[in-house]
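Structure below is query_11.csv: CSV, N, CA and C atoms.
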chain,number,residue,atom,x,y,z
A,122,ALA,N,10.3,124.2,-54.0
A,122,ALA,CA,9.8,122.9,-54.2
A,122,ALA,C,8.3,122.8,-53.9
A,123,HIS,N,7.5,122.6,-54.9
A,123,HIS,CA,6.0,122.5,-54.8
A,123,HIS,C,5.4,123.7,-54.2
A,124,ARG,N,5.9,124.9,-54.6
A,124,ARG,CA,5.3,126.2,-54.0
A,124,ARG,C,4.7,127.0,-55.1
A,125,GLY,N,4.6,126.5,-56.3
A,125,GLY,CA,4.0,127.2,-57.4
A,125,GLY,C,4.7,128.5,-57.8
A,126,GLY,N,6.0,128.6,-57.6
A,126,GLY,CA,6.7,129.8,-58.0
A,126,GLY,C,6.7,130.9,-57.1
A,127,LYS,N,6.0,130.7,-55.9
A,127,LYS,CA,5.9,131.8,-55.0
A,127,LYS,C,7.1,131.9,-54.1
A,128,THR,N,7.5,133.1,-53.7
A,128,THR,CA,8.6,133.3,-52.8
A,128,THR,C,8.2,132.9,-51.4
A,129,VAL,N,9.1,132.1,-50.7
A,129,VAL,CA,8.9,131.6,-49.4
A,129,VAL,C,10.2,131.7,-48.6
A,130,THR,N,10.2,132.2,-47.4
A,130,THR,CA,11.3,132.2,-46.5
A,130,THR,C,11.3,130.9,-45.7
A,131,VAL,N,12.3,130.1,-45.9
A,131,VAL,CA,12.4,128.8,-45.2
A,131,VAL,C,13.5,128.9,-44.1
A,132,VAL,N,13.1,128.5,-42.9
A,132,VAL,CA,14.1,128.4,-41.8
A,132,VAL,C,14.3,127.0,-41.4
A,133,THR,N,15.6,126.6,-41.5
A,133,THR,CA,16.0,125.2,-41.2
A,133,THR,C,17.1,125.1,-40.2
A,134,GLY,N,17.5,123.9,-39.9
A,134,GLY,CA,18.7,123.7,-39.1
A,134,GLY,C,18.6,123.9,-37.6
A,135,PHE,N,17.4,123.6,-37.1
A,135,PHE,CA,17.2,123.8,-35.6
A,135,PHE,C,17.8,122.5,-34.9
A,136,VAL,N,18.5,122.8,-33.8
A,136,VAL,CA,19.0,121.7,-33.0
A,136,VAL,C,18.5,121.9,-31.6
A,137,GLY,N,18.0,120.8,-31.0
A,137,GLY,CA,17.6,120.8,-29.7
A,137,GLY,C,16.3,121.7,-29.4
A,138,ILE,N,15.4,121.7,-30.4
A,138,ILE,CA,14.2,122.5,-30.2
A,138,ILE,C,13.0,121.5,-30.6
A,139,SER,N,12.0,121.6,-29.7
A,139,SER,CA,10.8,120.7,-30.0
A,139,SER,C,9.9,121.2,-31.0
A,140,GLN,N,9.0,120.3,-31.5
A,140,GLN,CA,8.0,120.7,-32.5
A,140,GLN,C,7.1,121.8,-32.0
A,141,ALA,N,6.7,121.7,-30.7
A,141,ALA,CA,5.9,122.8,-30.2
A,141,ALA,C,6.6,124.1,-30.1
A,142,GLU,N,7.9,124.1,-29.8
A,142,GLU,CA,8.6,125.4,-29.8
A,142,GLU,C,8.8,126.0,-31.2
A,143,LYS,N,8.9,125.1,-32.2
A,143,LYS,CA,9.0,125.5,-33.6
A,143,LYS,C,7.7,126.2,-34.0
A,144,GLU,N,6.6,125.6,-33.6
A,144,GLU,CA,5.2,126.1,-34.0
A,144,GLU,C,5.0,127.4,-33.3
A,145,GLN,N,5.5,127.6,-32.1
A,145,GLN,CA,5.3,128.9,-31.4
A,145,GLN,C,6.2,130.0,-32.1
A,146,LEU,N,7.4,129.6,-32.5
A,146,LEU,CA,8.3,130.5,-33.2
A,146,LEU,C,7.7,130.9,-34.5
A,147,ALA,N,7.1,129.9,-35.2
A,147,ALA,CA,6.4,130.2,-36.5
A,147,ALA,C,5.3,131.2,-36.3
A,148,ARG,N,4.5,131.0,-35.2
A,148,ARG,CA,3.4,132.0,-35.0
A,148,ARG,C,3.9,133.4,-34.7
A,149,ASP,N,5.0,133.5,-34.0
A,149,ASP,CA,5.6,134.8,-33.7
A,149,ASP,C,6.1,135.4,-35.0
A,150,MET,N,6.7,134.6,-35.9
A,150,MET,CA,7.2,135.1,-37.2
A,150,MET,C,6.0,135.6,-38.0
A,151,GLN,N,5.0,134.8,-38.1
A,151,GLN,CA,3.8,135.2,-38.9
A,151,GLN,C,3.2,136.5,-38.5
A,152,LYS,N,3.1,136.6,-37.1
A,152,LYS,CA,2.5,137.9,-36.6
A,152,LYS,C,3.4,139.1,-36.9
A,153,ALA,N,4.7,138.9,-36.7
A,153,ALA,CA,5.6,140.0,-36.9
A,153,ALA,C,5.7,140.4,-38.4
A,154,CYS,N,5.6,139.4,-39.3
A,154,CYS,CA,5.8,139.7,-40.7
A,154,CYS,C,4.4,140.0,-41.4
A,155,GLY,N,3.3,139.7,-40.7
A,155,GLY,CA,2.0,140.0,-41.3
A,155,GLY,C,1.8,139.0,-42.5
A,156,ALA,N,2.3,137.8,-42.4
A,156,ALA,CA,2.2,136.8,-43.5
A,156,ALA,C,1.8,135.5,-42.9
A,157,GLY,N,1.4,134.6,-43.8
A,157,GLY,CA,1.0,133.2,-43.4
A,157,GLY,C,2.3,132.4,-43.4
A,158,GLY,N,2.1,131.2,-42.9
A,158,GLY,CA,3.3,130.3,-42.8
A,158,GLY,C,2.9,129.0,-42.2
A,159,THR,N,3.8,128.1,-42.1
A,159,THR,CA,3.6,126.7,-41.6
A,159,THR,C,4.9,126.1,-41.1
A,160,VAL,N,4.7,125.0,-40.4
A,160,VAL,CA,5.9,124.2,-40.0
A,160,VAL,C,5.7,122.8,-40.7
A,161,LYS,N,6.7,122.5,-41.6
A,161,LYS,CA,6.6,121.3,-42.4
A,161,LYS,C,8.0,120.6,-42.3
A,162,GLU,N,7.9,119.3,-42.0
A,162,GLU,CA,9.1,118.5,-42.0
A,162,GLU,C,10.3,119.1,-41.2
A,163,GLY,N,9.9,119.7,-40.1
A,163,GLY,CA,11.0,120.3,-39.2
A,163,GLY,C,11.5,121.7,-39.7
A,164,GLN,N,10.9,122.2,-40.7
A,164,GLN,CA,11.2,123.5,-41.3
A,164,GLN,C,10.1,124.5,-41.0
A,165,ILE,N,10.4,125.8,-40.8
A,165,ILE,CA,9.4,126.8,-40.7
A,165,ILE,C,9.4,127.5,-42.1
A,166,GLU,N,8.2,127.7,-42.7
A,166,GLU,CA,8.1,128.4,-43.9
A,166,GLU,C,7.2,129.6,-43.7
A,167,ILE,N,7.7,130.7,-44.1
A,167,ILE,CA,6.9,132.0,-44.0
A,167,ILE,C,6.7,132.5,-45.4
A,168,GLN,N,5.5,132.9,-45.8
A,168,GLN,CA,5.2,133.4,-47.1
A,168,GLN,C,5.8,134.7,-47.4
A,169,GLY,N,6.5,134.8,-48.5
A,169,GLY,CA,7.1,136.0,-48.9
A,169,GLY,C,8.6,136.1,-48.6
A,170,ASP,N,9.3,137.1,-49.1
A,170,ASP,CA,10.7,137.4,-48.8
A,170,ASP,C,10.8,138.2,-47.5
A,171,LYS,N,10.9,137.5,-46.4
A,171,LYS,CA,10.9,138.1,-45.1
A,171,LYS,C,12.2,137.9,-44.3
A,172,ARG,N,13.3,137.8,-45.0
A,172,ARG,CA,14.6,137.4,-44.4
A,172,ARG,C,15.0,138.3,-43.2
A,173,ASP,N,14.9,139.6,-43.3
A,173,ASP,CA,15.3,140.5,-42.3
A,173,ASP,C,14.4,140.4,-41.0
A,174,GLU,N,13.1,140.3,-41.2
A,174,GLU,CA,12.2,140.2,-40.1
A,174,GLU,C,12.4,138.8,-39.4
A,175,VAL,N,12.6,137.8,-40.1
A,175,VAL,CA,12.8,136.4,-39.6
A,175,VAL,C,14.1,136.4,-38.8
A,176,ALA,N,15.1,137.0,-39.4
A,176,ALA,CA,16.4,137.0,-38.7
A,176,ALA,C,16.4,137.8,-37.4
A,177,ARG,N,15.6,138.9,-37.4
A,177,ARG,CA,15.5,139.6,-36.1
A,177,ARG,C,14.8,138.8,-35.0
A,178,ILE,N,13.7,138.1,-35.4
A,178,ILE,CA,13.0,137.3,-34.5
A,178,ILE,C,13.9,136.1,-33.9
A,179,LEU,N,14.6,135.5,-34.8
A,179,LEU,CA,15.5,134.4,-34.4
A,179,LEU,C,16.6,134.9,-33.5
A,180,THR,N,17.2,136.0,-33.7
A,180,THR,CA,18.2,136.6,-32.9
A,180,THR,C,17.6,136.9,-31.5
A,181,LYS,N,16.4,137.5,-31.5
A,181,LYS,CA,15.7,137.8,-30.2
A,181,LYS,C,15.4,136.5,-29.4
A,182,ALA,N,15.2,135.4,-30.1
A,182,ALA,CA,14.9,134.2,-29.4
A,182,ALA,C,16.1,133.4,-29.0
A,183,GLY,N,17.3,133.9,-29.3
A,183,GLY,CA,18.5,133.3,-28.9
A,183,GLY,C,19.2,132.4,-29.9
A,184,PHE,N,18.8,132.5,-31.2
A,184,PHE,CA,19.4,131.8,-32.2
A,184,PHE,C,20.4,132.7,-33.0
A,185,ARG,N,21.3,132.1,-33.8
A,185,ARG,CA,22.2,132.8,-34.6
A,185,ARG,C,21.9,132.5,-36.1
A,186,PRO,N,21.1,133.4,-36.7
A,186,PRO,CA,20.7,133.1,-38.1
A,186,PRO,C,21.9,133.2,-39.1
A,187,VAL,N,21.9,132.3,-40.1
A,187,VAL,CA,22.9,132.3,-41.1
A,187,VAL,C,22.1,132.3,-42.4
A,188,PHE,N,22.4,133.2,-43.3
A,188,PHE,CA,21.6,133.3,-44.6
A,188,PHE,C,22.3,132.4,-45.6
A,189,ALA,N,21.4,131.8,-46.4
A,189,ALA,CA,21.9,130.9,-47.5
A,189,ALA,C,21.2,131.3,-48.8
A,190,GLY,N,21.8,131.0,-49.9
A,190,GLY,CA,21.1,131.4,-51.2
A,190,GLY,C,21.3,132.8,-51.6
A,191,GLY,N,20.7,133.2,-52.7
A,191,GLY,CA,20.9,134.5,-53.2
A,191,GLY,C,19.8,135.4,-53.0
Mind turning this structure into structure tokens?
Amino acid sequence: AHRGGKTVTVVTGFVGISQAEKEQLARDMQKACGAGGTVKEGQIEIQGDKRDEVARILTKAGFRPVFAGG
């Protein structure tokens, strides 16, 4: 949606986490993936197809990632 056809990894469904915590998590993901990203409307967006790296970071942070889509 409004990404110009580029591949983006979107992380959604956070419960009980503040905006500041999401921004810190996004920074950690960007650093680990070597890619840009942002926090928009409660979602973390990381540029590129970085599902495995993002899942590893979420697991390390105490979350249980669930993949959606193809």
Using 6.5 Å as the limit and counting all atoms listed in the file, can you tabulate each residue of range 127-159 of chain A that touches range 170-188 of chain A, with its shortest atom-to-atom distance in Å and the two atoms involved, as JSON lines?
{"residue": "A:Thr128", "atom": "C", "partner": "A:Asp170", "partner_atom": "N", "distance": 4.9}
{"residue": "A:Val129", "atom": "N", "partner": "A:Asp170", "partner_atom": "N", "distance": 5.3}
{"residue": "A:Thr130", "atom": "N", "partner": "A:Asp170", "partner_atom": "N", "distance": 5.3}
{"residue": "A:Met150", "atom": "CA", "partner": "A:Val175", "partner_atom": "CA", "distance": 6.2}
{"residue": "A:Cys154", "atom": "CA", "partner": "A:Glu174", "partner_atom": "CA", "distance": 6.4}
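Straight-line separation from atom N of Val131 in chain A to CA of Ile167 in chain A: 6.0 Å.
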Practice item. Could you give me, as a PyMOL selection string, the residues within 7 Å of range 159-165 of chain A, counting all atoms listed in the file and dropping anything in the same chain fewer than 3 positions from it? Key: chain A and resi 130-135+143-144+147+168
**Study point:** CA of Gly169 in chain A to CA of Val136 in chain A, distance in Å rounded to a single decimal
**Key:**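 Atom-to-atom, CA of Gly169 in chain A and CA of Val136 in chain A are spaced 24.5 Å apart.
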Practice item. Give me, please, the distance in Å between CA of Gln140 in chain A and CA of Lys152 in chain A, quoted to one decimal. Key: 18.5 Å
Exercise for review: Write out as JSON, numbers by chain all residues of range 136-178 of chain A that DSSP puts in helix (DSSP H, G or I) for this structure's backbone.
Suggested key: {"A": [140, 141, 142, 143, 144, 145, 146, 147, 148, 149, 150, 151, 152, 153, 154, 172, 173, 174, 175, 176, 177, 178]}
